[in-house]
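What follows is a single structure, written as structure tokens, with notes after it.
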Amino acid sequence: MNKAIIIIVFWGQFGYLDLLAQTDLPAQRPPDFSLSAKYDGGKQYYFTELYISSDSCFYRRNNQGRKYQKKFRLSKQQLDFIYNSLIINQLPKIETELSSDILYDRGGTMMAFGWSQTTQSFDVNDAYNSQVKPEWQAKWQAFQNDLRATIKHKARKKQFWLF
């Protein structure tokens, strides 16, 4: 039994290290790591914004003029979980494509994350004319689910919409 656990842990670490090599991200979350996300409702008068860093976080929502804002903090473990999800879901590698049609009313989600005073930054744009390629949708959704699960209780709102 102990041998099986050791093998699983070793394989898990090896797989994680392989993902690190594929994404070119530091193994540990940089202290000045930050993430910002915005969901835009397109022609609807609706948007949400999220900002996360080690010293402050906020969530804002505007639903047809009804505004809600909540400031909060995340623990080191929660920040590490979000950062590890970036690595596991390979966010820096997610590919997008531009639509050949002009889309006037498509909203969507845009995310940017980085560190070192934004000298290292990445973004994923799944809004307006830009769409995450189908082969990357599962990883994109998995990261959004991890992020949503981590901060949901922090917003303290019965109806929590982010993306």
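How things are named: the first chain in the structure tokens is A, the next is B, and so on; residues count from 1 in each chain; ligands count from 1 in the order shown.
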DSSP says strand (DSSP E) for which residues of segment 2-151 of chain A? Put them as number ranges by chain?
A: 34-40, 46-53, 57-63, 66-72, 96-98, 108-115, 120-127, 130-132
Residues just named, written with C-alpha atoms as a compact mmCIF listing (two decimals), in the first residue's frame:
```
# COMPACT_ATOMS: atom_id res chain seq x y z
CA SER A 34 -1.97 39.18 -9.65
CA LEU A 35 -4.94 38.19 -11.75
CA SER A 36 -7.71 40.30 -13.21
CA ALA A 37 -10.80 39.01 -14.95
CA LYS A 38 -13.76 40.67 -16.56
CA TYR A 39 -16.97 39.22 -17.88
CA ASP A 40 -18.86 41.49 -20.25
CA TYR A 46 -24.07 43.79 -17.31
CA PHE A 47 -20.47 43.12 -16.33
CA THR A 48 -18.42 41.66 -13.52
CA GLU A 49 -14.82 42.35 -12.61
CA LEU A 50 -12.44 40.49 -10.36
CA TYR A 51 -8.97 41.43 -9.17
CA ILE A 52 -6.79 39.15 -7.04
CA SER A 53 -3.39 39.80 -5.48
CA CYS A 57 -8.86 41.51 -3.89
CA PHE A 58 -12.18 42.85 -5.10
CA TYR A 59 -15.26 41.73 -6.96
CA ARG A 60 -17.56 44.20 -8.74
CA ARG A 61 -20.80 43.65 -10.55
CA ASN A 62 -23.03 46.01 -12.47
CA ASN A 63 -26.37 44.50 -13.43
CA ARG A 66 -27.51 47.84 -9.80
CA LYS A 67 -23.98 47.84 -8.50
CA TYR A 68 -22.34 45.56 -6.01
CA GLN A 69 -18.76 45.63 -4.80
CA LYS A 70 -16.96 43.47 -2.27
CA LYS A 71 -13.36 43.73 -1.10
CA PHE A 72 -11.77 40.64 0.38
CA THR A 96 -7.57 31.81 -29.26
CA GLU A 97 -8.81 32.59 -32.72
CA LEU A 98 -10.44 35.64 -34.24
CA GLY A 108 -17.42 36.98 -22.81
CA THR A 109 -14.55 36.60 -20.40
CA MET A 110 -11.14 38.24 -20.52
CA MET A 111 -8.35 37.41 -18.05
CA ALA A 112 -4.88 38.75 -17.50
CA PHE A 113 -2.34 37.58 -14.96
CA GLY A 114 1.27 38.36 -14.23
CA TRP A 115 3.99 39.36 -11.79
CA GLN A 120 5.75 38.77 -16.96
CA SER A 121 2.16 38.82 -18.12
CA PHE A 122 -0.26 36.61 -20.00
CA ASP A 123 -3.83 37.02 -21.10
CA VAL A 124 -6.69 34.96 -22.45
CA ASN A 125 -9.48 36.69 -24.33
CA ASP A 126 -12.71 34.81 -24.93
CA ALA A 127 -14.88 37.82 -25.75
CA SER A 130 -11.80 36.45 -30.01
CA GLN A 131 -12.66 32.89 -28.97
CA VAL A 132 -10.77 30.18 -27.13
```
Taking only segment 23-144 of chain A into account, list the residues labelled alpha helix (DSSP H) by DSSP (computed from the backbone), as a list in words.
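Matching residues, listed in order: Thr23, Lys76, Gln77, Gln78, Leu79, Asp80, Phe81, Ile82, Tyr83, Asn84, Ser85, Leu86, Ile87, Ile88, Gln137, Ala138, Lys139, Trp140, Gln141, Ala142, Phe143 and Gln144 of chain A.
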How would the residues just chosen look if you wrote them out with C-alpha atoms as a compact mmCIF listing (two decimals), in the first residue's frame?
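Everything below was put into result-v6.txt:
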```txt
# COMPACT_ATOMS: atom_id res chain seq x y z
CA THR A 23 4.08 26.72 -19.53
CA LYS A 76 -1.72 32.04 0.90
CA GLN A 77 -3.18 28.57 0.31
CA GLN A 78 -6.03 29.97 -1.80
CA LEU A 79 -3.64 32.08 -3.88
CA ASP A 80 -1.39 29.03 -4.35
CA PHE A 81 -4.39 26.95 -5.42
CA ILE A 82 -5.32 29.51 -8.09
CA TYR A 83 -1.72 29.73 -9.28
CA ASN A 84 -1.39 25.93 -9.43
CA SER A 85 -4.61 25.77 -11.43
CA LEU A 86 -3.02 28.16 -13.93
CA ILE A 87 -0.18 25.69 -14.34
CA ILE A 88 -2.30 22.55 -14.45
CA GLN A 137 -12.18 24.91 -23.92
CA ALA A 138 -11.99 22.17 -21.27
CA LYS A 139 -8.86 23.65 -19.66
CA TRP A 140 -10.27 27.18 -19.89
CA GLN A 141 -13.50 26.07 -18.18
CA ALA A 142 -11.61 24.04 -15.55
CA PHE A 143 -9.58 27.08 -14.53
CA GLN A 144 -12.68 29.27 -14.35
```
For Asp105 of chain A, which residue out of A:Pro26, A:Gly41, A:Gly65, A:Pro31 is the nearest one, using only C-alpha atoms?
A:Gly41
Hey, can you check how far atom CA of Lys133 of chain A sits from atom CA of Glu95 of chain A?
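Result for atom CA of Lys133 of chain A versus atom CA of Glu95 of chain A: 5.9 Å, one decimal.
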